[in-house]
>>> print(open('my_file-v7.pdb').read())   # PDB, C-alpha atoms
MODEL        1
ATOM      1  CA  MET M   1     104.145 129.738  97.631  1.00  0.00           C
ATOM      2  CA  ILE M   2     100.386 129.659  97.106  1.00  0.00           C
ATOM      3  CA  GLU M   3      98.617 132.982  97.201  1.00  0.00           C
ATOM      4  CA  PHE M   4      95.059 132.807  98.449  1.00  0.00           C
ATOM      5  CA  HIS M   5      92.423 135.430  97.843  1.00  0.00           C
ATOM      6  CA  LYS M   6      91.484 137.645 100.761  1.00  0.00           C
ATOM      7  CA  ASP M   7      88.092 136.021 101.389  1.00  0.00           C
ATOM      8  CA  GLU M   8      89.124 132.507 100.349  1.00  0.00           C
ATOM      9  CA  LYS M   9      88.535 129.758 102.895  1.00  0.00           C
ATOM     10  CA  ILE M  10      90.591 126.539 102.924  1.00  0.00           C
ATOM     11  CA  ILE M  11      88.310 123.511 103.274  1.00  0.00           C
ATOM     12  CA  LEU M  12      90.814 120.682 102.860  1.00  0.00           C
ATOM     13  CA  GLU M  13      94.581 120.312 102.678  1.00  0.00           C
ATOM     14  CA  GLN M  14      95.771 116.803 101.908  1.00  0.00           C
ATOM     15  CA  ARG M  15      99.259 115.410 101.398  1.00  0.00           C
ATOM     16  CA  LYS M  16      99.977 112.122  99.642  1.00  0.00           C
ATOM     17  CA  HIS M  17      99.584 108.815 101.444  1.00  0.00           C
ATOM     18  CA  TRP M  18     102.501 107.739 103.691  1.00  0.00           C
ATOM     19  CA  TYR M  19     102.699 104.492 101.667  1.00  0.00           C
ATOM     20  CA  ILE M  20     104.172 106.464  98.743  1.00  0.00           C
ATOM     21  CA  ILE M  21     107.153 107.721 100.768  1.00  0.00           C
ATOM     22  CA  ALA M  22     107.474 104.419 102.649  1.00  0.00           C
ATOM     23  CA  THR M  23     107.931 102.363  99.466  1.00  0.00           C
ATOM     24  CA  GLU M  24     110.327 104.869  97.916  1.00  0.00           C
ATOM     25  CA  SER M  25     112.461 105.304 101.035  1.00  0.00           C
ATOM     26  CA  PHE M  26     112.648 101.534 101.581  1.00  0.00           C
ATOM     27  CA  MET M  27     115.154 101.359  98.721  1.00  0.00           C
ATOM     28  CA  PHE M  28     117.338 103.974 100.412  1.00  0.00           C
ATOM     29  CA  ALA M  29     117.219 102.050 103.700  1.00  0.00           C
ATOM     30  CA  ILE M  30     118.319  98.879 101.878  1.00  0.00           C
ATOM     31  CA  GLY M  31     121.043 100.857 100.070  1.00  0.00           C
ATOM     32  CA  ALA M  32     122.318 102.365 103.329  1.00  0.00           C
ATOM     33  CA  ILE M  33     122.657  99.053 105.166  1.00  0.00           C
ATOM     34  CA  ALA M  34     123.853  97.075 102.126  1.00  0.00           C
ATOM     35  CA  PRO M  35     127.599  97.566 102.885  1.00  0.00           C
ATOM     36  CA  LEU M  36     127.067  96.275 106.439  1.00  0.00           C
ATOM     37  CA  ILE M  37     125.617  93.065 104.999  1.00  0.00           C
ATOM     38  CA  LEU M  38     127.847  92.694 101.942  1.00  0.00           C
ATOM     39  CA  ILE M  39     131.252  93.333 103.547  1.00  0.00           C
ATOM     40  CA  PRO M  40     131.025  90.456 106.093  1.00  0.00           C
ATOM     41  CA  ILE M  41     129.725  88.131 103.346  1.00  0.00           C
ATOM     42  CA  ILE M  42     132.638  88.998 101.019  1.00  0.00           C
ATOM     43  CA  ALA M  43     135.096  88.805 103.928  1.00  0.00           C
ATOM     44  CA  GLY M  44     133.761  85.332 104.739  1.00  0.00           C
ATOM     45  CA  TYR M  45     134.532  84.087 101.227  1.00  0.00           C
ATOM     46  CA  SER M  46     137.829  85.863 100.605  1.00  0.00           C
ATOM     47  CA  SER M  47     140.596  85.745 103.192  1.00  0.00           C
ATOM     48  CA  SER M  48     142.650  88.388 101.345  1.00  0.00           C
ATOM     49  CA  PHE M  49     139.697  90.812 101.467  1.00  0.00           C
ATOM     50  CA  SER M  50     139.217  89.975 105.144  1.00  0.00           C
ATOM     51  CA  SER M  51     142.840  90.851 105.991  1.00  0.00           C
ATOM     52  CA  TYR M  52     142.666  94.011 103.815  1.00  0.00           C
ATOM     53  CA  PHE M  53     139.458  95.033 105.589  1.00  0.00           C
ATOM     54  CA  SER M  54     140.854  94.562 109.096  1.00  0.00           C
ATOM     55  CA  SER M  55     144.076  96.462 108.287  1.00  0.00           C
ATOM     56  CA  ASN M  56     142.202  99.334 106.565  1.00  0.00           C
ATOM     57  CA  LEU M  57     139.231  99.752 108.876  1.00  0.00           C
ATOM     58  CA  PRO M  58     139.361 103.610 108.965  1.00  0.00           C
ATOM     59  CA  LEU M  59     139.208 103.658 105.163  1.00  0.00           C
ATOM     60  CA  PHE M  60     136.085 101.471 105.220  1.00  0.00           C
ATOM     61  CA  ILE M  61     134.531 103.665 107.923  1.00  0.00           C
ATOM     62  CA  PHE M  62     135.276 106.683 105.745  1.00  0.00           C
ATOM     63  CA  PHE M  63     133.620 105.277 102.617  1.00  0.00           C
ATOM     64  CA  PHE M  64     130.724 103.812 104.589  1.00  0.00           C
ATOM     65  CA  SER M  65     130.049 107.240 106.176  1.00  0.00           C
ATOM     66  CA  ALA M  66     130.249 108.883 102.741  1.00  0.00           C
ATOM     67  CA  TRP M  67     127.816 106.325 101.306  1.00  0.00           C
ATOM     68  CA  THR M  68     125.397 106.719 104.247  1.00  0.00           C
ATOM     69  CA  LEU M  69     125.537 110.510 103.891  1.00  0.00           C
ATOM     70  CA  LEU M  70     124.686 110.165 100.200  1.00  0.00           C
ATOM     71  CA  MET M  71     121.701 107.940 101.065  1.00  0.00           C
ATOM     72  CA  TRP M  72     120.634 110.301 103.861  1.00  0.00           C
ATOM     73  CA  VAL M  73     120.666 113.406 101.639  1.00  0.00           C
ATOM     74  CA  SER M  74     118.908 111.499  98.815  1.00  0.00           C
ATOM     75  CA  PHE M  75     116.204 110.440 101.271  1.00  0.00           C
ATOM     76  CA  PHE M  76     115.619 114.077 102.272  1.00  0.00           C
ATOM     77  CA  VAL M  77     115.385 115.111  98.622  1.00  0.00           C
ATOM     78  CA  LEU M  78     112.759 112.384  98.212  1.00  0.00           C
ATOM     79  CA  TRP M  79     110.946 113.417 101.385  1.00  0.00           C
ATOM     80  CA  THR M  80     110.883 117.075 100.275  1.00  0.00           C
ATOM     81  CA  ASN M  81     109.369 116.026  96.945  1.00  0.00           C
ATOM     82  CA  TYR M  82     106.777 113.973  98.825  1.00  0.00           C
ATOM     83  CA  TYR M  83     105.977 116.621 101.421  1.00  0.00           C
ATOM     84  CA  LEU M  84     105.482 119.405  98.897  1.00  0.00           C
ATOM     85  CA  ASP M  85     102.926 117.405  96.882  1.00  0.00           C
ATOM     86  CA  ILE M  86      99.587 118.608  98.117  1.00  0.00           C
ATOM     87  CA  ILE M  87      95.975 119.033  97.072  1.00  0.00           C
ATOM     88  CA  ILE M  88      94.122 122.024  98.493  1.00  0.00           C
ATOM     89  CA  VAL M  89      90.365 122.510  98.280  1.00  0.00           C
ATOM     90  CA  THR M  90      89.120 125.989  99.047  1.00  0.00           C
ATOM     91  CA  ASP M  91      85.616 127.438  98.753  1.00  0.00           C
ATOM     92  CA  LYS M  92      86.628 128.821  95.334  1.00  0.00           C
ATOM     93  CA  ARG M  93      89.044 126.389  93.684  1.00  0.00           C
ATOM     94  CA  VAL M  94      90.995 123.154  93.783  1.00  0.00           C
ATOM     95  CA  ILE M  95      94.783 123.455  93.707  1.00  0.00           C
ATOM     96  CA  ASP M  96      97.017 120.476  92.957  1.00  0.00           C
ATOM     97  CA  ILE M  97     100.746 120.938  93.512  1.00  0.00           C
ATOM     98  CA  GLU M  98     103.202 118.343  92.318  1.00  0.00           C
ATOM     99  CA  GLN M  99     106.865 118.667  93.174  1.00  0.00           C
ATOM    100  CA  LEU M 100     108.543 116.810  90.315  1.00  0.00           C
ATOM    101  CA  GLY M 101     112.100 117.296  91.499  1.00  0.00           C
ATOM    102  CA  LEU M 102     114.215 119.900  93.231  1.00  0.00           C
ATOM    103  CA  PHE M 103     113.947 122.229  90.265  1.00  0.00           C
ATOM    104  CA  ALA M 104     110.561 121.260  88.822  1.00  0.00           C
ATOM    105  CA  ARG M 105     107.196 122.149  90.315  1.00  0.00           C
ATOM    106  CA  ASP M 106     103.816 121.776  88.697  1.00  0.00           C
ATOM    107  CA  GLN M 107     100.872 123.736  90.089  1.00  0.00           C
ATOM    108  CA  ALA M 108      97.447 123.206  88.530  1.00  0.00           C
ATOM    109  CA  GLU M 109      94.212 124.754  89.671  1.00  0.00           C
ATOM    110  CA  VAL M 110      90.607 124.687  88.628  1.00  0.00           C
ATOM    111  CA  ARG M 111      87.743 126.890  89.782  1.00  0.00           C
ATOM    112  CA  LEU M 112      84.943 124.954  91.440  1.00  0.00           C
ATOM    113  CA  GLU M 113      82.281 126.206  89.012  1.00  0.00           C
ATOM    114  CA  ASN M 114      84.378 124.908  86.081  1.00  0.00           C
ATOM    115  CA  ILE M 115      84.597 121.329  87.318  1.00  0.00           C
ATOM    116  CA  GLN M 116      82.670 118.974  85.067  1.00  0.00           C
ATOM    117  CA  ASP M 117      83.625 115.550  86.285  1.00  0.00           C
ATOM    118  CA  ILE M 118      85.599 113.939  89.096  1.00  0.00           C
ATOM    119  CA  LYS M 119      86.811 110.388  88.840  1.00  0.00           C
ATOM    120  CA  VAL M 120      88.388 108.355  91.630  1.00  0.00           C
ATOM    121  CA  GLU M 121      90.691 105.417  90.913  1.00  0.00           C
ATOM    122  CA  VAL M 122      91.813 102.836  93.468  1.00  0.00           C
ATOM    123  CA  ILE M 123      93.827 100.139  91.734  1.00  0.00           C
ATOM    124  CA  GLY M 124      95.581  97.248  93.486  1.00  0.00           C
ATOM    125  CA  ILE M 125      95.309  95.174  96.647  1.00  0.00           C
ATOM    126  CA  VAL M 126      97.585  97.335  98.814  1.00  0.00           C
ATOM    127  CA  GLU M 127      95.929 100.494  97.513  1.00  0.00           C
ATOM    128  CA  SER M 128      92.469  99.113  98.358  1.00  0.00           C
ATOM    129  CA  LEU M 129      93.541  98.021 101.836  1.00  0.00           C
ATOM    130  CA  LEU M 130      95.239 101.336 102.602  1.00  0.00           C
ATOM    131  CA  ARG M 131      92.539 103.341 100.799  1.00  0.00           C
ATOM    132  CA  LEU M 132      94.836 105.306  98.533  1.00  0.00           C
ATOM    133  CA  GLY M 133      94.139 106.286  94.982  1.00  0.00           C
ATOM    134  CA  ASN M 134      94.141 108.834  92.200  1.00  0.00           C
ATOM    135  CA  ILE M 135      91.716 111.660  91.555  1.00  0.00           C
ATOM    136  CA  HIS M 136      90.987 112.912  88.038  1.00  0.00           C
ATOM    137  CA  ILE M 137      89.359 116.325  87.841  1.00  0.00           C
ATOM    138  CA  GLN M 138      88.003 117.294  84.447  1.00  0.00           C
ATOM    139  CA  SER M 139      87.187 120.935  83.948  1.00  0.00           C
ATOM    140  CA  ALA M 140      85.205 122.877  81.357  1.00  0.00           C
ATOM    141  CA  GLY M 141      87.119 124.956  78.870  1.00  0.00           C
ATOM    142  CA  GLN M 142      90.338 123.209  79.656  1.00  0.00           C
ATOM    143  CA  SER M 143      91.573 120.280  77.647  1.00  0.00           C
ATOM    144  CA  ARG M 144      93.968 119.138  80.366  1.00  0.00           C
ATOM    145  CA  GLU M 145      92.637 117.354  83.388  1.00  0.00           C
ATOM    146  CA  ILE M 146      94.098 117.514  86.857  1.00  0.00           C
ATOM    147  CA  LEU M 147      95.481 114.194  88.002  1.00  0.00           C
ATOM    148  CA  ALA M 148      96.279 113.932  91.693  1.00  0.00           C
ATOM    149  CA  LYS M 149      98.107 110.650  92.317  1.00  0.00           C
ATOM    150  CA  GLY M 150      98.445 108.622  95.518  1.00  0.00           C
ATOM    151  CA  PHE M 151      96.194 110.457  97.935  1.00  0.00           C
ATOM    152  CA  PRO M 152      94.606 108.833 100.993  1.00  0.00           C
ATOM    153  CA  ASP M 153      90.814 108.456 101.095  1.00  0.00           C
ATOM    154  CA  PRO M 154      90.243 109.748  97.549  1.00  0.00           C
ATOM    155  CA  HIS M 155      86.469 109.288  97.952  1.00  0.00           C
ATOM    156  CA  ILE M 156      86.451 111.699 100.892  1.00  0.00           C
ATOM    157  CA  ILE M 157      88.459 114.228  98.852  1.00  0.00           C
ATOM    158  CA  LYS M 158      86.023 113.785  95.955  1.00  0.00           C
ATOM    159  CA  ASN M 159      83.003 114.270  98.228  1.00  0.00           C
ATOM    160  CA  THR M 160      84.583 117.370  99.733  1.00  0.00           C
ATOM    161  CA  ILE M 161      85.136 118.843  96.275  1.00  0.00           C
ATOM    162  CA  VAL M 162      81.571 117.994  95.185  1.00  0.00           C
ATOM    163  CA  LYS M 163      80.156 119.523  98.355  1.00  0.00           C
ATOM    164  CA  ALA M 164      82.261 122.668  97.936  1.00  0.00           C
ATOM    165  CA  GLN M 165      81.182 122.908  94.297  1.00  0.00           C
ATOM    166  CA  ASP M 166      77.491 122.577  95.212  1.00  0.00           C
ATOM    167  CA  GLU M 167      77.888 125.279  97.810  1.00  0.00           C
ATOM    168  CA  ARG M 168      79.692 127.524  95.335  1.00  0.00           C
ATOM    169  CA  LEU M 169      77.013 127.039  92.641  1.00  0.00           C
ATOM    170  CA  ARG M 170      74.224 127.657  95.179  1.00  0.00           C
ATOM    171  CA  LYS M 171      75.905 130.865  96.259  1.00  0.00           C
ATOM    172  CA  HIS M 172      76.234 131.975  92.609  1.00  0.00           C
ATOM    173  CA  ARG M 173      72.551 131.206  91.975  1.00  0.00           C
ATOM    174  CA  ASN M 174      71.425 133.105  95.046  1.00  0.00           C
ATOM    175  CA  GLU M 175      73.533 136.112  94.069  1.00  0.00           C
ATOM    176  CA  ARG M 176      72.020 136.038  90.582  1.00  0.00           C
ATOM    177  CA  TYR M 177      68.440 135.881  91.943  1.00  0.00           C
ATOM    178  CA  ALA M 178      69.134 138.655  94.415  1.00  0.00           C
ATOM    179  CA  SER M 179      70.377 140.941  91.677  1.00  0.00           C
TER     180      SER M 179
ATOM    181  CA  MET P   1     151.930 103.514  97.477  1.00  0.00           C
ATOM    182  CA  GLU P   2     148.553 101.831  97.823  1.00  0.00           C
ATOM    183  CA  GLN P   3     147.976 103.557 101.177  1.00  0.00           C
ATOM    184  CA  SER P   4     148.813 107.028  99.805  1.00  0.00           C
ATOM    185  CA  LEU P   5     146.503 106.434  96.823  1.00  0.00           C
ATOM    186  CA  SER P   6     143.670 105.535  99.219  1.00  0.00           C
ATOM    187  CA  ILE P   7     144.309 108.707 101.232  1.00  0.00           C
ATOM    188  CA  THR P   8     144.304 110.873  98.095  1.00  0.00           C
ATOM    189  CA  LEU P   9     141.086 109.210  96.951  1.00  0.00           C
ATOM    190  CA  ALA P  10     139.539 109.805 100.383  1.00  0.00           C
ATOM    191  CA  GLN P  11     140.617 113.463 100.331  1.00  0.00           C
ATOM    192  CA  ILE P  12     139.070 114.018  96.891  1.00  0.00           C
ATOM    193  CA  THR P  13     135.899 112.189  98.012  1.00  0.00           C
ATOM    194  CA  ILE P  14     135.499 114.318 101.131  1.00  0.00           C
ATOM    195  CA  LEU P  15     135.914 117.527  99.119  1.00  0.00           C
ATOM    196  CA  ILE P  16     133.290 116.456  96.564  1.00  0.00           C
ATOM    197  CA  ILE P  17     130.911 115.272  99.288  1.00  0.00           C
ATOM    198  CA  ILE P  18     131.163 118.432 101.395  1.00  0.00           C
ATOM    199  CA  LEU P  19     130.686 120.616  98.316  1.00  0.00           C
ATOM    200  CA  GLY P  20     127.715 118.521  97.095  1.00  0.00           C
ATOM    201  CA  PHE P  21     126.239 118.437 100.585  1.00  0.00           C
ATOM    202  CA  ALA P  22     126.428 122.238 100.861  1.00  0.00           C
ATOM    203  CA  VAL P  23     124.723 122.736  97.474  1.00  0.00           C
ATOM    204  CA  VAL P  24     121.927 120.181  98.054  1.00  0.00           C
ATOM    205  CA  SER P  25     121.350 121.381 101.623  1.00  0.00           C
ATOM    206  CA  SER P  26     120.922 124.993 100.528  1.00  0.00           C
ATOM    207  CA  VAL P  27     118.444 123.903  97.819  1.00  0.00           C
ATOM    208  CA  LEU P  28     116.519 121.809 100.353  1.00  0.00           C
ATOM    209  CA  HIS P  29     116.542 124.682 102.844  1.00  0.00           C
ATOM    210  CA  TYR P  30     115.172 126.976 100.142  1.00  0.00           C
ATOM    211  CA  HIS P  31     112.293 124.558  99.460  1.00  0.00           C
ATOM    212  CA  TRP P  32     111.502 124.057 103.152  1.00  0.00           C
ATOM    213  CA  THR P  33     111.280 127.782 103.821  1.00  0.00           C
ATOM    214  CA  ARG P  34     109.753 128.873 100.505  1.00  0.00           C
ATOM    215  CA  TYR P  35     106.859 126.462 100.033  1.00  0.00           C
ATOM    216  CA  GLY P  36     104.853 126.760 103.186  1.00  0.00           C
ATOM    217  CA  ILE P  37     106.108 124.098 105.597  1.00  0.00           C
ATOM    218  CA  SER P  38     105.284 125.275 109.120  1.00  0.00           C
ATOM    219  CA  GLU P  39     108.018 126.858 111.227  1.00  0.00           C
ATOM    220  CA  LYS P  40     107.677 124.200 113.932  1.00  0.00           C
ATOM    221  CA  SER P  41     108.104 121.333 111.442  1.00  0.00           C
ATOM    222  CA  ILE P  42     111.048 123.044 109.707  1.00  0.00           C
ATOM    223  CA  SER P  43     113.024 123.411 112.934  1.00  0.00           C
ATOM    224  CA  LYS P  44     112.461 119.712 113.749  1.00  0.00           C
ATOM    225  CA  ILE P  45     113.422 118.609 110.213  1.00  0.00           C
ATOM    226  CA  LYS P  46     116.538 120.811 110.268  1.00  0.00           C
ATOM    227  CA  LYS P  47     117.642 119.367 113.620  1.00  0.00           C
ATOM    228  CA  ILE P  48     117.324 115.773 112.366  1.00  0.00           C
ATOM    229  CA  TYR P  49     118.822 116.452 108.918  1.00  0.00           C
ATOM    230  CA  PHE P  50     121.796 118.543 110.004  1.00  0.00           C
ATOM    231  CA  GLY P  51     122.347 116.499 113.194  1.00  0.00           C
ATOM    232  CA  VAL P  52     122.781 113.168 111.401  1.00  0.00           C
ATOM    233  CA  SER P  53     124.678 114.770 108.500  1.00  0.00           C
ATOM    234  CA  SER P  54     127.122 116.486 110.875  1.00  0.00           C
ATOM    235  CA  PHE P  55     127.718 113.192 112.672  1.00  0.00           C
ATOM    236  CA  LEU P  56     128.474 111.418 109.375  1.00  0.00           C
ATOM    237  CA  ILE P  57     130.776 114.218 108.158  1.00  0.00           C
ATOM    238  CA  LEU P  58     132.574 114.180 111.520  1.00  0.00           C
ATOM    239  CA  LEU P  59     133.023 110.421 111.215  1.00  0.00           C
ATOM    240  CA  MET P  60     134.474 110.898 107.725  1.00  0.00           C
ATOM    241  CA  VAL P  61     136.862 113.640 108.857  1.00  0.00           C
ATOM    242  CA  MET P  62     138.017 111.593 111.857  1.00  0.00           C
ATOM    243  CA  SER P  63     138.660 108.531 109.681  1.00  0.00           C
ATOM    244  CA  LEU P  64     140.593 110.688 107.227  1.00  0.00           C
ATOM    245  CA  ILE P  65     142.711 112.225 110.013  1.00  0.00           C
ATOM    246  CA  TYR P  66     143.402 108.716 111.327  1.00  0.00           C
ATOM    247  CA  LEU P  67     144.414 107.592 107.823  1.00  0.00           C
ATOM    248  CA  ILE P  68     146.751 110.564 107.299  1.00  0.00           C
ATOM    249  CA  LEU P  69     148.391 110.232 110.715  1.00  0.00           C
TER     250      LEU P  69
ENDMDL
END
>>> encode(input="my_file-v7.pdb", output="structure tokens")
Amino acid sequence: MIEFHKDEKIILEQRKHWYIIATESFMFAIGAIAPLILIPIIAGYSSSFSSYFSSNLPLFIFFFSAWTLLMWVSFFVLWTNYYLDIIIVTDKRVIDIEQLGLFARDQAEVRLENIQDIKVEVIGIVESLLRLGNIHIQSAGQSREILAKGFPDPHIIKNTIVKAQDERLRKHRNERYAS
Amino acid sequence: MEQSLSITLAQITILIIILGFAVVSSVLHYHWTRYGISEKSISKIKKIYFGVSSFLILLMVMSLIYLIL
């Protein structure tokens, strides 16, 4: 759970690109339908398997259901990991949350005034066509950089952060002059 | 002999699967409610997840009953 400050305003909330979950879940879809493809192929080659299959159909239904359930639950674990990965830009900070597994969560944040450099990376044909990429945020006084992987329109996210940072620095300057 | 072995194997499998399903589902439920997914989305996700899972478990139980009988 992210705790925001009382006067903190959320500017942007962005989840990872759908392509990330689509490619990962494709394997589960293949895995789930694999028995439906493999069993008729094997039955076509082996007559003994074919007769065993037809006389033990409930047993095959049982193990197929069990296998599909396993794939189904694994897909939801994957989806949860995908859905909980998020980058949030507020008028004070950038928060990057990475769900690494069901029991591992990495939350990194950097204050806007501490950001030194933002780099956007779009590598690959599919990535260029779908406009998805990585964002590196380098901050002052922190050796570790924030790396947000697989986000859609990374240039828009970068521009939003830069704009929010400019606004934040302007506000700081004005406050300093006023005092 | 072969038939009874298959039934025993199926019974053990269903026990492991139901137990594993219960554990993973409660962990998933914890994540869905804890980490800020909207109430509207959660109810939709729960309906799909538990709906399909219940159907598959029911199919397994029915096949097992058919095997035993």
>>> closest_residue(input="my_file-v7.pdb", among="M:Pro154, M:Gly101, M:Pro58, M:Pro40", to="Leu132 (chain M)", atoms="all atoms listed in the file")
M:Pro154
>>> atom_distance(input="my_file-v7.pdb", atom1="CA of Ile86 (chain M)", atom2="CA of Ala32 (chain M)")
28.4 Å
>>> atom_distance(input="my_file-v7.pdb", atom1="CA of Ile41 (chain M)", atom2="CA of Ile68 (chain P)")
28.4 Å
>>> atom_distance(input="my_file-v7.pdb", atom1="CA of Asp85 (chain M)", atom2="CA of Gln99 (chain M)")
5.6 Å
>>> residues_around(input="my_file-v7.pdb", residues="region 113-130 of chain M", least_positions_apart="6", cutoff="12 Å", atoms="only C-alpha atoms", output="PyMOL selection string")
chain M and resi 17-20+23+91-94+136-173
>>> decode(input="my_file-v7.pdb", residues="region 33-55 of chain P", atoms="N, CA and C atoms", output="PDB file, in the first residue's frame")
ATOM      1  N   THR P  33      -6.420  -7.302  -2.508  1.00  0.00           N
ATOM      2  CA  THR P  33      -7.073  -6.364  -1.590  1.00  0.00           C
ATOM      3  C   THR P  33      -6.079  -5.408  -0.923  1.00  0.00           C
ATOM      4  N   ARG P  34      -4.837  -5.845  -0.785  1.00  0.00           N
ATOM      5  CA  ARG P  34      -3.845  -5.067  -0.035  1.00  0.00           C
ATOM      6  C   ARG P  34      -3.223  -3.943  -0.870  1.00  0.00           C
ATOM      7  N   TYR P  35      -2.957  -4.227  -2.162  1.00  0.00           N
ATOM      8  CA  TYR P  35      -2.133  -3.288  -2.918  1.00  0.00           C
ATOM      9  C   TYR P  35      -2.888  -2.406  -3.907  1.00  0.00           C
ATOM     10  N   GLY P  36      -4.034  -1.941  -3.483  1.00  0.00           N
ATOM     11  CA  GLY P  36      -4.689  -0.855  -4.184  1.00  0.00           C
ATOM     12  C   GLY P  36      -5.292  -1.151  -5.541  1.00  0.00           C
ATOM     13  N   ILE P  37      -5.844  -2.342  -5.757  1.00  0.00           N
ATOM     14  CA  ILE P  37      -6.626  -2.577  -6.969  1.00  0.00           C
ATOM     15  C   ILE P  37      -8.059  -2.155  -6.622  1.00  0.00           C
ATOM     16  N   SER P  38      -8.698  -1.432  -7.523  1.00  0.00           N
ATOM     17  CA  SER P  38     -10.024  -0.882  -7.207  1.00  0.00           C
ATOM     18  C   SER P  38     -11.052  -1.977  -6.926  1.00  0.00           C
ATOM     19  N   GLU P  39     -12.012  -1.609  -6.080  1.00  0.00           N
ATOM     20  CA  GLU P  39     -13.040  -2.556  -5.619  1.00  0.00           C
ATOM     21  C   GLU P  39     -13.816  -3.172  -6.786  1.00  0.00           C
ATOM     22  N   LYS P  40     -14.095  -2.316  -7.780  1.00  0.00           N
ATOM     23  CA  LYS P  40     -14.872  -2.754  -8.951  1.00  0.00           C
ATOM     24  C   LYS P  40     -14.091  -3.820  -9.744  1.00  0.00           C
ATOM     25  N   SER P  41     -12.786  -3.555  -9.943  1.00  0.00           N
ATOM     26  CA  SER P  41     -11.948  -4.510 -10.675  1.00  0.00           C
ATOM     27  C   SER P  41     -11.811  -5.817  -9.905  1.00  0.00           C
ATOM     28  N   ILE P  42     -11.624  -5.704  -8.569  1.00  0.00           N
ATOM     29  CA  ILE P  42     -11.429  -6.906  -7.743  1.00  0.00           C
ATOM     30  C   ILE P  42     -12.629  -7.841  -7.862  1.00  0.00           C
ATOM     31  N   SER P  43     -13.844  -7.262  -7.784  1.00  0.00           N
ATOM     32  CA  SER P  43     -15.028  -8.130  -7.818  1.00  0.00           C
ATOM     33  C   SER P  43     -15.128  -8.844  -9.175  1.00  0.00           C
ATOM     34  N   LYS P  44     -14.750  -8.148 -10.250  1.00  0.00           N
ATOM     35  CA  LYS P  44     -14.780  -8.763 -11.586  1.00  0.00           C
ATOM     36  C   LYS P  44     -13.732  -9.886 -11.684  1.00  0.00           C
ATOM     37  N   ILE P  45     -12.518  -9.582 -11.202  1.00  0.00           N
ATOM     38  CA  ILE P  45     -11.420 -10.562 -11.237  1.00  0.00           C
ATOM     39  C   ILE P  45     -11.800 -11.802 -10.429  1.00  0.00           C
ATOM     40  N   LYS P  46     -12.366 -11.562  -9.227  1.00  0.00           N
ATOM     41  CA  LYS P  46     -12.744 -12.680  -8.353  1.00  0.00           C
ATOM     42  C   LYS P  46     -13.769 -13.571  -9.031  1.00  0.00           C
ATOM     43  N   LYS P  47     -14.757 -12.931  -9.691  1.00  0.00           N
ATOM     44  CA  LYS P  47     -15.820 -13.703 -10.361  1.00  0.00           C
ATOM     45  C   LYS P  47     -15.211 -14.610 -11.439  1.00  0.00           C
ATOM     46  N   ILE P  48     -14.324 -14.048 -12.254  1.00  0.00           N
ATOM     47  CA  ILE P  48     -13.708 -14.835 -13.336  1.00  0.00           C
ATOM     48  C   ILE P  48     -12.831 -15.945 -12.747  1.00  0.00           C
ATOM     49  N   TYR P  49     -11.953 -15.554 -11.809  1.00  0.00           N
ATOM     50  CA  TYR P  49     -10.984 -16.503 -11.240  1.00  0.00           C
ATOM     51  C   TYR P  49     -11.683 -17.662 -10.529  1.00  0.00           C
ATOM     52  N   PHE P  50     -12.573 -17.317  -9.590  1.00  0.00           N
ATOM     53  CA  PHE P  50     -13.217 -18.375  -8.811  1.00  0.00           C
ATOM     54  C   PHE P  50     -14.264 -19.129  -9.636  1.00  0.00           C
ATOM     55  N   GLY P  51     -14.882 -18.466 -10.604  1.00  0.00           N
ATOM     56  CA  GLY P  51     -15.866 -19.115 -11.475  1.00  0.00           C
ATOM     57  C   GLY P  51     -15.238 -20.237 -12.273  1.00  0.00           C
ATOM     58  N   VAL P  52     -14.167 -19.922 -12.994  1.00  0.00           N
ATOM     59  CA  VAL P  52     -13.490 -20.935 -13.830  1.00  0.00           C
ATOM     60  C   VAL P  52     -12.852 -22.020 -12.946  1.00  0.00           C
ATOM     61  N   SER P  53     -12.238 -21.595 -11.838  1.00  0.00           N
ATOM     62  CA  SER P  53     -11.596 -22.572 -10.946  1.00  0.00           C
ATOM     63  C   SER P  53     -12.619 -23.546 -10.382  1.00  0.00           C
ATOM     64  N   SER P  54     -13.776 -23.024  -9.961  1.00  0.00           N
ATOM     65  CA  SER P  54     -14.826 -23.891  -9.402  1.00  0.00           C
ATOM     66  C   SER P  54     -15.293 -24.899 -10.440  1.00  0.00           C
ATOM     67  N   PHE P  55     -15.444 -24.416 -11.683  1.00  0.00           N
ATOM     68  CA  PHE P  55     -15.877 -25.312 -12.766  1.00  0.00           C
ATOM     69  C   PHE P  55     -14.868 -26.453 -12.952  1.00  0.00           C
TER      70      PHE P  55
END
